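This is structure_16.pdb. It holds PDB, C-alpha atoms.
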```pdb
ATOM      1  CA  MET A 162     151.235  36.497 240.904
ATOM      2  CA  ASP A 163     153.897  34.601 242.781
ATOM      3  CA  VAL A 164     156.751  37.005 243.195
ATOM      4  CA  GLN A 165     158.937  34.930 245.438
ATOM      5  CA  GLY A 166     162.509  35.060 244.350
ATOM      6  CA  LEU A 167     162.175  38.329 242.534
ATOM      7  CA  GLN A 168     164.717  40.911 243.534
ATOM      8  CA  MET A 169     162.353  43.740 243.995
ATOM      9  CA  THR A 170     164.281  45.471 246.693
ATOM     10  CA  GLN A 171     167.694  46.963 246.201
ATOM     11  CA  ASN A 172     169.857  44.676 248.250
ATOM     12  CA  THR A 173     172.534  44.648 245.588
ATOM     13  CA  PRO A 174     174.437  47.755 244.587
ATOM     14  CA  ALA A 175     173.728  49.447 241.300
ATOM     15  CA  VAL A 176     175.569  47.945 238.363
ATOM     16  CA  PRO A 177     177.985  50.588 237.101
ATOM     17  CA  GLY A 178     177.734  49.479 233.485
ATOM     18  CA  VAL A 179     173.974  49.398 233.517
ATOM     19  CA  TYR A 180     173.686  52.614 235.498
ATOM     20  CA  LYS A 181     175.867  54.425 232.975
ATOM     21  CA  ARG A 182     173.510  53.319 230.248
ATOM     22  CA  ASN A 183     170.457  54.286 232.259
ATOM     23  CA  PRO A 184     170.955  57.909 233.219
ATOM     24  CA  PRO A 185     168.090  59.615 235.042
ATOM     25  CA  ILE A 186     165.401  60.956 232.716
ATOM     26  CA  ALA A 187     164.046  64.462 233.123
ATOM     27  CA  GLY A 188     160.818  64.418 235.084
ATOM     28  CA  GLU A 189     161.169  60.748 235.955
ATOM     29  CA  ALA A 190     161.866  61.252 239.670
ATOM     30  CA  GLU A 191     158.755  63.368 240.068
ATOM     31  CA  ALA A 192     156.684  60.808 238.172
ATOM     32  CA  ILE A 193     157.980  58.021 240.418
ATOM     33  CA  GLU A 194     157.072  59.889 243.598
ATOM     34  CA  ALA A 195     153.655  60.778 242.223
ATOM     35  CA  ALA A 196     153.079  57.198 241.107
ATOM     36  CA  LYS A 197     153.888  55.972 244.606
ATOM     37  CA  ASN A 198     150.955  58.085 245.747
ATOM     38  CA  GLY A 199     148.639  56.528 243.180
ATOM     39  CA  ASP A 200     148.793  59.259 240.567
ATOM     40  CA  ALA A 201     147.437  57.625 237.426
ATOM     41  CA  GLU A 202     148.954  60.205 235.110
ATOM     42  CA  ALA A 203     152.351  59.509 236.630
ATOM     43  CA  PHE A 204     151.947  55.800 235.906
ATOM     44  CA  SER A 205     151.014  56.686 232.388
ATOM     45  CA  ARG A 206     154.139  58.847 232.108
ATOM     46  CA  LEU A 207     156.388  56.070 233.430
ATOM     47  CA  TYR A 208     154.883  53.650 230.947
ATOM     48  CA  ALA A 209     155.495  56.075 228.100
ATOM     49  CA  LEU A 210     159.103  56.590 229.189
ATOM     50  CA  HIS A 211     160.017  52.927 229.574
ATOM     51  CA  LYS A 212     157.684  50.864 227.415
ATOM     52  CA  ARG A 213     160.092  50.557 224.482
ATOM     53  CA  ARG A 214     163.050  49.369 226.523
ATOM     54  CA  VAL A 215     160.979  46.938 228.568
ATOM     55  CA  TYR A 216     159.206  45.541 225.519
ATOM     56  CA  THR A 217     162.427  45.174 223.537
ATOM     57  CA  LEU A 218     164.108  43.411 226.438
ATOM     58  CA  CYS A 219     161.176  40.958 226.632
ATOM     59  CA  LEU A 220     161.228  40.492 222.877
ATOM     60  CA  ARG A 221     164.935  39.755 222.803
ATOM     61  CA  MET A 222     164.696  37.308 225.678
ATOM     62  CA  LEU A 223     161.593  35.531 224.440
ATOM     63  CA  GLY A 224     161.846  35.904 220.660
ATOM     64  CA  ASN A 225     158.080  36.068 220.354
ATOM     65  CA  VAL A 226     155.925  39.177 219.910
ATOM     66  CA  SER A 227     152.838  37.862 221.672
ATOM     67  CA  GLU A 228     154.720  36.595 224.716
ATOM     68  CA  ALA A 229     156.822  39.765 224.798
ATOM     69  CA  GLU A 230     153.693  41.921 224.908
ATOM     70  CA  ASP A 231     152.176  39.783 227.640
ATOM     71  CA  MET A 232     155.354  40.029 229.702
ATOM     72  CA  THR A 233     155.570  43.782 229.120
ATOM     73  CA  GLN A 234     152.071  44.074 230.503
ATOM     74  CA  GLU A 235     152.988  41.914 233.484
ATOM     75  CA  ALA A 236     156.154  43.916 234.097
ATOM     76  CA  PHE A 237     154.265  47.211 234.306
ATOM     77  CA  LEU A 238     151.498  45.738 236.436
ATOM     78  CA  HIS A 239     154.207  44.435 238.724
ATOM     79  CA  LEU A 240     155.881  47.811 238.676
ATOM     80  CA  PHE A 241     152.632  49.433 239.718
ATOM     81  CA  ARG A 242     152.349  47.003 242.628
ATOM     82  CA  LYS A 243     155.918  47.380 243.807
ATOM     83  CA  ILE A 244     156.856  50.936 243.015
ATOM     84  CA  GLY A 245     156.542  51.796 246.694
ATOM     85  CA  SER A 246     159.615  49.657 247.375
ATOM     86  CA  PHE A 247     161.797  51.619 244.935
ATOM     87  CA  ARG A 248     164.143  53.677 247.055
ATOM     88  CA  GLY A 249     166.235  55.332 244.379
ATOM     89  CA  GLU A 250     169.504  53.606 245.213
ATOM     90  CA  SER A 251     169.987  52.670 241.586
ATOM     91  CA  ALA A 252     168.617  54.080 238.363
ATOM     92  CA  PHE A 253     164.897  53.466 238.076
ATOM     93  CA  SER A 254     165.371  51.894 234.652
ATOM     94  CA  THR A 255     168.015  49.529 236.071
ATOM     95  CA  TRP A 256     165.562  48.467 238.751
ATOM     96  CA  LEU A 257     162.793  48.083 236.173
ATOM     97  CA  HIS A 258     165.030  46.032 233.873
ATOM     98  CA  ARG A 259     165.962  43.700 236.712
ATOM     99  CA  LEU A 260     162.293  43.324 237.617
ATOM    100  CA  THR A 261     161.478  42.531 233.977
ATOM    101  CA  VAL A 262     164.302  40.013 233.590
ATOM    102  CA  ASN A 263     163.171  38.187 236.706
ATOM    103  CA  LEU A 264     159.572  38.076 235.519
ATOM    104  CA  VAL A 265     160.613  36.709 232.128
ATOM    105  CA  LEU A 266     162.799  34.073 233.757
ATOM    106  CA  MET A 267     159.954  33.082 236.065
ATOM    107  CA  HIS A 268     157.684  32.854 233.018
ATOM    108  CA  LEU A 269     160.166  30.591 231.260
ATOM    109  CA  ARG A 270     160.473  28.364 234.303
ATOM    110  CA  LYS A 271     156.700  28.050 234.453
ATOM    111  CA  LYS A 272     156.800  26.976 230.820
ATOM    112  CA  GLY A 273     159.103  24.168 231.823
ATOM    113  CA  LEU A 274     162.452  25.662 230.944
ATOM    114  CA  ASN A 275     164.522  24.675 233.952
ATOM    115  CA  LEU A 276     167.189  27.321 234.238
ATOM    116  CA  VAL A 277     168.853  25.742 237.248
ATOM    117  CA  SER A 278     171.279  23.839 235.104
ATOM    118  CA  LEU A 279     171.958  25.760 231.965
ATOM    119  CA  GLU A 280     174.288  23.150 230.576
ATOM    120  CA  GLU A 281     171.733  20.387 230.828
ATOM    121  CA  THR A 282     168.593  22.200 229.916
ATOM    122  CA  ILE A 283     169.139  25.091 227.574
ATOM    123  CA  ASN A 284     172.349  24.155 225.889
ATOM    124  CA  PRO A 285     171.639  23.790 222.216
ATOM    125  CA  SER A 286     171.722  20.601 220.277
ATOM    126  CA  GLU A 287     174.850  19.559 218.417
ATOM    127  CA  ASP A 288     173.508  21.257 215.292
ATOM    128  CA  ASP A 289     173.051  24.544 217.104
ATOM    129  CA  ALA A 290     176.371  24.534 218.920
ATOM    130  CA  PRO A 291     179.091  26.737 217.471
ATOM    131  CA  LYS A 292     181.528  24.917 215.274
ATOM    132  CA  ARG A 293     185.130  24.706 216.383
ATOM    133  CA  ASP A 294     186.564  26.351 213.305
ATOM    134  CA  PHE A 295     188.298  29.287 214.875
ATOM    135  CA  GLY A 296     191.395  28.448 212.865
ATOM    136  CA  SER A 297     189.843  29.670 209.653
ATOM    137  CA  ARG A 298     190.407  33.344 209.239
ATOM    138  CA  ASP A 299     187.369  35.422 208.449
ATOM    139  CA  LEU A 300     187.771  38.308 206.065
ATOM    140  CA  GLN A 301     184.118  39.324 205.916
ATOM    141  CA  LEU A 302     183.444  39.947 209.548
ATOM    142  CA  THR A 303     186.634  41.365 210.945
ATOM    143  CA  GLY A 304     186.341  44.991 211.888
ATOM    144  CA  SER A 305     182.673  45.520 211.246
ATOM    145  CA  VAL A 306     179.370  43.938 212.165
ATOM    146  CA  ASP A 307     176.128  45.212 210.715
ATOM    147  CA  ARG A 308     173.709  46.066 213.509
ATOM    148  CA  VAL A 309     170.603  44.802 211.731
ATOM    149  CA  ALA A 310     172.330  41.580 210.753
ATOM    150  CA  LEU A 311     173.474  41.130 214.325
ATOM    151  CA  GLU A 312     169.942  41.657 215.638
ATOM    152  CA  ARG A 313     168.693  38.985 213.247
ATOM    153  CA  ALA A 314     171.445  36.618 214.249
ATOM    154  CA  VAL A 315     170.737  37.151 217.945
ATOM    155  CA  ALA A 316     167.063  36.335 217.343
ATOM    156  CA  SER A 317     168.067  33.051 215.754
ATOM    157  CA  LEU A 318     170.315  31.945 218.627
ATOM    158  CA  PRO A 319     169.245  28.974 220.740
ATOM    159  CA  PRO A 320     167.390  30.250 223.851
ATOM    160  CA  GLY A 321     170.178  29.566 226.343
ATOM    161  CA  TYR A 322     172.786  31.353 224.291
ATOM    162  CA  ARG A 323     170.422  34.211 223.498
ATOM    163  CA  MET A 324     169.521  34.740 227.140
ATOM    164  CA  VAL A 325     173.095  35.134 228.353
ATOM    165  CA  PHE A 326     174.173  37.181 225.329
ATOM    166  CA  VAL A 327     171.275  39.634 225.698
ATOM    167  CA  LEU A 328     171.772  39.983 229.444
ATOM    168  CA  HIS A 329     175.540  40.488 229.239
ATOM    169  CA  ASP A 330     176.408  42.097 225.934
ATOM    170  CA  VAL A 331     173.214  44.066 225.275
ATOM    171  CA  GLU A 332     171.812  44.826 228.725
ATOM    172  CA  GLY A 333     175.165  45.147 230.489
ATOM    173  CA  PHE A 334     174.662  42.751 233.392
ATOM    174  CA  GLU A 335     177.783  41.217 234.947
ATOM    175  CA  HIS A 336     178.434  37.477 234.954
ATOM    176  CA  ASN A 337     177.878  37.208 238.701
ATOM    177  CA  GLU A 338     174.471  38.874 238.337
ATOM    178  CA  ILE A 339     173.515  36.639 235.439
ATOM    179  CA  ALA A 340     174.620  33.617 237.439
ATOM    180  CA  THR A 341     172.343  34.691 240.277
ATOM    181  CA  MET A 342     169.401  35.346 237.997
ATOM    182  CA  LEU A 343     169.788  32.100 236.065
ATOM    183  CA  GLU A 344     170.816  30.096 239.121
ATOM    184  CA  CYS A 345     173.970  28.840 237.476
ATOM    185  CA  SER A 346     177.693  29.293 238.080
ATOM    186  CA  THR A 347     179.648  32.338 236.949
ATOM    187  CA  GLY A 348     181.814  30.035 234.867
ATOM    188  CA  ASN A 349     178.708  28.689 233.197
ATOM    189  CA  SER A 350     177.612  32.204 232.309
ATOM    190  CA  LYS A 351     181.038  32.984 230.830
ATOM    191  CA  SER A 352     181.020  29.775 228.861
ATOM    192  CA  GLN A 353     177.511  30.349 227.504
ATOM    193  CA  LEU A 354     178.393  33.877 226.476
ATOM    194  CA  HIS A 355     181.488  32.721 224.652
ATOM    195  CA  LYS A 356     179.563  30.008 222.828
ATOM    196  CA  ALA A 357     176.888  32.558 221.936
ATOM    197  CA  ARG A 358     179.463  34.889 220.411
ATOM    198  CA  LEU A 359     181.055  32.019 218.486
ATOM    199  CA  LYS A 360     177.637  31.010 217.189
ATOM    200  CA  LEU A 361     176.899  34.605 216.177
ATOM    201  CA  ARG A 362     180.201  34.791 214.332
ATOM    202  CA  GLU A 363     179.254  31.640 212.490
ATOM    203  CA  LEU A 364     175.788  32.989 211.661
ATOM    204  CA  LEU A 365     177.111  36.353 210.536
ATOM    205  CA  ARG A 366     179.555  34.720 208.160
ATOM    206  CA  GLN A 367     176.768  32.850 206.432
ATOM    207  CA  PRO A 368     174.743  34.334 203.580
ATOM    208  CA  GLU A 369     172.143  36.774 204.904
ATOM    209  CA  GLN A 370     169.164  34.525 204.231
ATOM    210  CA  SER A 371     170.396  31.799 206.551
ATOM    211  CA  THR A 372     170.614  34.107 209.556
ATOM    212  CA  GLN A 373     166.904  34.856 209.318
ATOM    213  CA  PRO A 374     165.069  32.523 211.666
ATOM    214  CA  ALA A 375     161.662  31.120 210.850
ATOM    215  CA  GLY A 376     159.060  33.703 211.749
ATOM    216  CA  PHE A 377     161.623  36.455 212.130
ATOM    217  CA  ASN A 378     159.327  38.997 210.551
ATOM    218  CA  GLU A 379     156.982  38.372 213.411
ATOM    219  CA  VAL A 380     159.769  38.979 215.901
ATOM    220  CA  ALA A 381     160.696  42.194 214.072
ATOM    221  CA  VAL A 382     163.545  43.424 216.219
TER     222      VAL A 382
ATOM    223  CA  MET B 193     202.391  34.937 234.865
ATOM    224  CA  THR B 194     200.754  35.426 238.239
ATOM    225  CA  ASP B 195     197.361  33.756 237.923
ATOM    226  CA  PRO B 196     197.700  29.985 238.285
ATOM    227  CA  LYS B 197     194.403  29.522 236.471
ATOM    228  CA  LEU B 198     195.837  31.002 233.290
ATOM    229  CA  PRO B 199     198.298  29.326 230.913
ATOM    230  CA  ASP B 200     201.888  30.381 230.369
ATOM    231  CA  PHE B 201     201.547  33.077 227.728
ATOM    232  CA  ASP B 202     204.957  32.297 226.259
ATOM    233  CA  THR B 203     204.252  28.633 225.582
ATOM    234  CA  MET B 204     200.507  28.779 225.035
ATOM    235  CA  THR B 205     199.159  26.837 222.027
ATOM    236  CA  PRO B 206     196.123  27.842 219.960
ATOM    237  CA  ALA B 207     194.206  25.080 221.741
ATOM    238  CA  ASP B 208     195.181  26.561 225.122
ATOM    239  CA  PHE B 209     194.143  29.941 223.835
ATOM    240  CA  GLU B 210     190.748  28.654 222.787
ATOM    241  CA  LYS B 211     190.252  27.011 226.160
ATOM    242  CA  TYR B 212     191.014  30.144 228.109
ATOM    243  CA  LEU B 213     189.458  32.680 225.739
ATOM    244  CA  PRO B 214     186.197  33.017 227.744
ATOM    245  CA  ASP B 215     188.286  33.973 230.783
ATOM    246  CA  PHE B 216     190.428  36.373 228.768
ATOM    247  CA  PHE B 217     187.260  38.122 227.673
ATOM    248  CA  ALA B 218     185.670  38.045 231.113
ATOM    249  CA  ASN B 219     188.727  39.500 232.825
ATOM    250  CA  GLY B 220     189.809  43.075 232.361
ATOM    251  CA  ASP B 221     187.832  45.316 230.067
ATOM    252  CA  GLY B 222     186.788  42.554 227.704
ATOM    253  CA  HIS B 223     189.170  43.623 224.951
ATOM    254  CA  VAL B 224     191.543  40.733 224.469
ATOM    255  CA  SER B 225     193.249  42.284 221.462
ATOM    256  CA  THR B 226     194.803  45.019 223.593
ATOM    257  CA  ASP B 227     195.924  42.749 226.441
ATOM    258  CA  PRO B 228     199.697  43.293 226.570
ATOM    259  CA  ARG B 229     200.282  39.715 227.750
ATOM    260  CA  LEU B 230     198.756  38.365 224.544
ATOM    261  CA  GLN B 231     200.383  40.625 221.970
ATOM    262  CA  THR B 232     203.174  38.238 221.023
ATOM    263  CA  PHE B 233     200.853  35.265 220.838
ATOM    264  CA  LEU B 234     198.325  37.099 218.684
ATOM    265  CA  LYS B 235     201.047  38.384 216.397
ATOM    266  CA  ASN B 236     202.300  34.844 215.890
ATOM    267  CA  ASN B 237     198.821  33.366 215.485
ATOM    268  CA  PRO B 238     196.877  35.491 213.008
ATOM    269  CA  ASP B 239     193.892  33.160 212.941
ATOM    270  CA  CYS B 240     193.476  33.534 216.684
ATOM    271  CA  ALA B 241     193.872  37.293 216.272
ATOM    272  CA  ALA B 242     191.131  37.296 213.609
ATOM    273  CA  LEU B 243     188.830  35.354 215.908
ATOM    274  CA  VAL B 244     189.427  37.841 218.700
ATOM    275  CA  ARG B 245     188.732  40.785 216.420
ATOM    276  CA  ASP B 246     185.468  39.201 215.267
ATOM    277  CA  LEU B 247     184.265  38.437 218.762
ATOM    278  CA  GLU B 248     185.178  41.914 219.943
ATOM    279  CA  ALA B 249     183.315  43.426 216.981
ATOM    280  CA  ILE B 250     180.232  41.381 217.873
ATOM    281  CA  ALA B 251     180.397  42.417 221.539
ATOM    282  CA  ASP B 252     180.965  46.074 220.648
ATOM    283  CA  GLN B 253     178.073  46.144 218.215
ATOM    284  CA  ALA B 254     175.842  44.328 220.722
ATOM    285  CA  ARG B 255     176.113  47.318 223.049
ATOM    286  CA  SER B 256     174.558  49.491 220.376
ATOM    287  CA  LEU B 257     171.528  47.195 220.277
ATOM    288  CA  PHE B 258     170.603  48.534 223.714
ATOM    289  CA  ASP B 259     169.424  51.738 222.086
ATOM    290  CA  LEU B 260     167.656  49.978 219.221
ATOM    291  CA  THR B 261     164.186  49.600 220.654
ATOM    292  CA  GLU B 262     160.811  48.511 219.396
ATOM    293  CA  GLN B 263     157.371  49.915 220.135
ATOM    294  CA  PRO B 264     154.832  47.603 221.777
ATOM    295  CA  SER B 265     151.344  47.644 220.290
ATOM    296  CA  ASP B 266     148.603  49.772 221.831
ATOM    297  CA  ALA B 267     147.035  46.549 223.085
ATOM    298  CA  VAL B 268     149.656  46.395 225.839
ATOM    299  CA  TRP B 269     148.546  49.627 227.452
ATOM    300  CA  SER B 270     144.889  48.721 226.968
ATOM    301  CA  GLY B 271     145.582  45.420 228.692
ATOM    302  CA  ILE B 272     147.263  47.172 231.596
ATOM    303  CA  GLN B 273     144.300  49.503 231.997
ATOM    304  CA  ASN B 274     141.839  46.635 231.898
ATOM    305  CA  LYS B 275     143.819  44.628 234.437
ATOM    306  CA  LEU B 276     144.035  47.634 236.729
ATOM    307  CA  LYS B 277     140.281  48.124 236.475
ATOM    308  CA  MET B 278     139.678  44.487 237.318
ATOM    309  CA  LEU B 279     142.271  44.210 240.060
ATOM    310  CA  GLY B 280     142.227  47.667 241.521
ATOM    311  CA  SER B 281     139.708  47.166 244.277
ATOM    312  CA  ASP B 282     140.697  43.563 245.048
ATOM    313  CA  ASP B 283     144.472  43.842 245.007
ATOM    314  CA  ASP B 284     145.933  45.168 248.233
ATOM    315  CA  ASP B 285     149.336  45.631 246.597
ATOM    316  CA  LEU B 286     148.058  48.068 244.006
ATOM    317  CA  PRO B 287     148.106  51.725 244.924
ATOM    318  CA  ASP B 288     144.699  53.319 245.149
ATOM    319  CA  LEU B 289     144.764  54.945 241.764
ATOM    320  CA  ARG B 290     142.505  56.419 239.227
ATOM    321  CA  VAL B 291     142.536  54.505 235.949
ATOM    322  CA  PRO B 292     145.306  55.888 233.745
ATOM    323  CA  GLN B 293     144.485  57.613 230.510
ATOM    324  CA  PRO B 294     145.820  56.213 227.222
ATOM    325  CA  VAL B 295     149.431  57.104 226.465
TER     326      VAL B 295
END
```
Could I get this structure in the form of structure tokens?
Amino acid sequence: MDVQGLQMTQNTPAVPGVYKRNPPIAGEAEAIEAAKNGDAEAFSRLYALHKRRVYTLCLRMLGNVSEAEDMTQEAFLHLFRKIGSFRGESAFSTWLHRLTVNLVLMHLRKKGLNLVSLEETINPSEDDAPKRDFGSRDLQLTGSVDRVALERAVASLPPGYRMVFVLHDVEGFEHNEIATMLECSTGNSKSQLHKARLKLRELLRQPEQSTQPAGFNEVAV
Amino acid sequence: MTDPKLPDFDTMTPADFEKYLPDFFANGDGHVSTDPRLQTFLKNNPDCAALVRDLEAIADQARSLFDLTEQPSDAVWSGIQNKLKMLGSDDDDLPDLRVPQPV
């Protein structure tokens, strides 16, 4: 696998927001050290500890169960190859999430999704773009958002919006990190996030049925 | 007002507000509704205030999705084991490991 461009080493400092959400797990440090020495049981333990988060991240980014499982497999195989380069300067799960995000992005680029220019390539069509109706007050949504409904709405977002929303609002990456990963400007990341939230607001205000994308049951997040 | 990139908060229109809203969210702690510079504007523009509340509610709830995780199928681990068996002896990057047992 071509791993050029992946940030496997820890040249960047730990992200405070992500680190806070990824506290060390009991027994994880020992498993990491053992895995570095080729301990198969330790690999198995690391997989058990992190498979759900890695898989869910892939699923949210890709919106497809089959691709998400393939990328989860690739992420752990890559982890097994590169675990020797983990130096413990950030939370292991933060490092693993960054590795996974980069693999998914590389996968999407291979599929032809050019992430270099978000505005030109993964901006949604006119129909998908959020409507400029912020002047109409919303009495349904204000103050509460149902988590399941939000998950459904996120799954139905256009890919470009979904990517930035998941990375920033769910995973806790900063705009400058997202800009680096997606090879776009920080302003572009901010703009995409804002449009994603506007689109979600629009989706969440619609009757429940319309927020369910085609094949959502398959996505099942 | 000290940031030349931001509008004058005293004379800002709803259109200005909409234009700069991504920056308002990106700066500070992401909670526009508690920004003291915007209190007067939001009080005078309830539709803008409602929009802010909605977007903040979406962002707040999104954080909780982090802990809402799904289980991959057993096929994922089986696939990893198979790949390791196939690659193990030919892949210099892989640690010299015994094949893991099922999780």
Requested in this report: Name the residues in contact with Ile193 in chain A at a cut-off of 10 Å, using only C-alpha atoms, excluding same-chain residues fewer than 6 positions from it; report them as a PyMOL selection string.
Outcome: chain A and resi 199-200+203-204+206-207+244-245+247+249+253
Correct to one decimal, the distance CA of Thr261 in chain B-CA of Tyr216 in chain A is 8.1 Å
Between B:Gln273, B:Asp266, B:Asp221, B:Pro214, smallest distance to chain A by all atoms listed in the file belongs to B:Pro214
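If all atoms listed in the file are the atoms counted, then among B:Val268, B:Pro199, B:Asn274, B:Pro206 the closest residue to Asn237 in chain B is B:Pro206.
Taking CA of Ala196 in chain A and CA of Glu338 in chain A as the two end points, the separation is 28.3 Å.
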**OP:** Determine the residue membership of the PyMOL selection byres ((chain B and resi 229) around 12) for the file above and supply it as a list in words.
**Re:**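 Applied to this file, the PyMOL selection byres ((chain B and resi 229) around 12) selects Met193, Thr194, Leu198, Pro199, Asp200, Phe201, Asp202, Thr203, Met204, Phe216, Gly220, Val224, Ser225, Thr226, Asp227, Pro228, Leu230, Gln231, Thr232, Phe233, Leu234 and Lys235 of chain B.
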If I take CA of Asn225 in chain A and CA of Lys271 in chain A, how far is one from the other in Å, to one decimal?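 Separating CA of Asn225 in chain A from CA of Lys271 in chain A is a distance of 16.3 Å.
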- prompt: Which of these residues is nearest to chain B, using all atoms listed in the file: A:Leu318, A:Ala192, A:Leu354, A:Leu343?
  reply: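 The answer is A:Leu354, which sits nearest to chain B.
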Chain B proximity check over A:Ala236, A:Ala314, A:Thr347, A:Phe241, using only C-alpha atoms: winner is A:Phe241
Query raised in the report: When distances are computed from all atoms listed in the file, which of A:Gln353, A:Thr261, A:Thr255, A:Thr341 shows the smallest separation from chain B?
Result: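 Nearest candidate to chain B out of A:Gln353, A:Thr261, A:Thr255, A:Thr341: A:Gln353.
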Which is closer to Ser270 in chain B than all the others in A:Leu218, A:Lys351, A:Tyr208, A:Asn198, using only C-alpha atoms?
->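 With only C-alpha atoms as the atom set, the closest residue is A:Tyr208.
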List the residues selected by the PyMOL selection byres ((chain B and resi 252) around 12) in the file shown, writing them as a PyMOL selection string.
(chain A and resi 304-308+311+329-331+333+358) or (chain B and resi 221-223+244-251+253-258)
Next item on the list: Taking the file as shown, find all residues satisfying the PyMOL selection byres ((chain A and resi 266) around 10) and write them as a PyMOL selection string.
Entry: chain A and resi 167+222-223+261-265+267-272+274-276+324+342-343
Taking the partial coordinates given, rebuild range 332-348 of chain A to contain N, CA and C atoms; return it as a compact mmCIF listing (two decimals), in the coordinates of the input.
```
# COMPACT_ATOMS: atom_id res chain seq x y z
N GLU A 332 172.36 44.15 227.54
CA GLU A 332 171.81 44.83 228.72
C GLU A 332 172.89 45.27 229.71
N GLY A 333 174.06 44.68 229.65
CA GLY A 333 175.16 45.15 230.49
C GLY A 333 175.25 44.53 231.87
N PHE A 334 174.54 43.42 232.10
CA PHE A 334 174.66 42.75 233.39
C PHE A 334 176.01 42.04 233.49
N GLU A 335 176.52 41.91 234.71
CA GLU A 335 177.78 41.22 234.95
C GLU A 335 177.52 39.72 235.08
N HIS A 336 178.60 38.93 234.89
CA HIS A 336 178.43 37.48 234.95
C HIS A 336 177.89 37.02 236.31
N ASN A 337 178.35 37.65 237.39
CA ASN A 337 177.88 37.21 238.70
C ASN A 337 176.38 37.50 238.87
N GLU A 338 175.91 38.58 238.28
CA GLU A 338 174.47 38.87 238.34
C GLU A 338 173.67 37.89 237.49
N ILE A 339 174.20 37.59 236.32
CA ILE A 339 173.52 36.64 235.44
C ILE A 339 173.46 35.27 236.11
N ALA A 340 174.57 34.90 236.74
CA ALA A 340 174.62 33.62 237.44
C ALA A 340 173.54 33.55 238.52
N THR A 341 173.38 34.65 239.24
CA THR A 341 172.34 34.69 240.28
C THR A 341 170.95 34.58 239.66
N MET A 342 170.73 35.34 238.61
CA MET A 342 169.40 35.35 238.00
C MET A 342 169.05 33.99 237.38
N LEU A 343 170.05 33.37 236.75
CA LEU A 343 169.79 32.10 236.06
C LEU A 343 170.05 30.89 236.96
N GLU A 344 170.52 31.18 238.18
CA GLU A 344 170.82 30.10 239.12
C GLU A 344 171.82 29.11 238.53
N CYS A 345 172.89 29.67 238.02
CA CYS A 345 173.97 28.84 237.48
C CYS A 345 175.29 29.41 237.98
N SER A 346 176.40 28.79 237.63
CA SER A 346 177.69 29.29 238.08
C SER A 346 178.16 30.45 237.20
N THR A 347 179.07 31.25 237.74
CA THR A 347 179.65 32.34 236.95
C THR A 347 180.40 31.77 235.74
N GLY A 348 181.10 30.67 235.97
CA GLY A 348 181.81 30.04 234.87
C GLY A 348 180.87 29.58 233.77
```
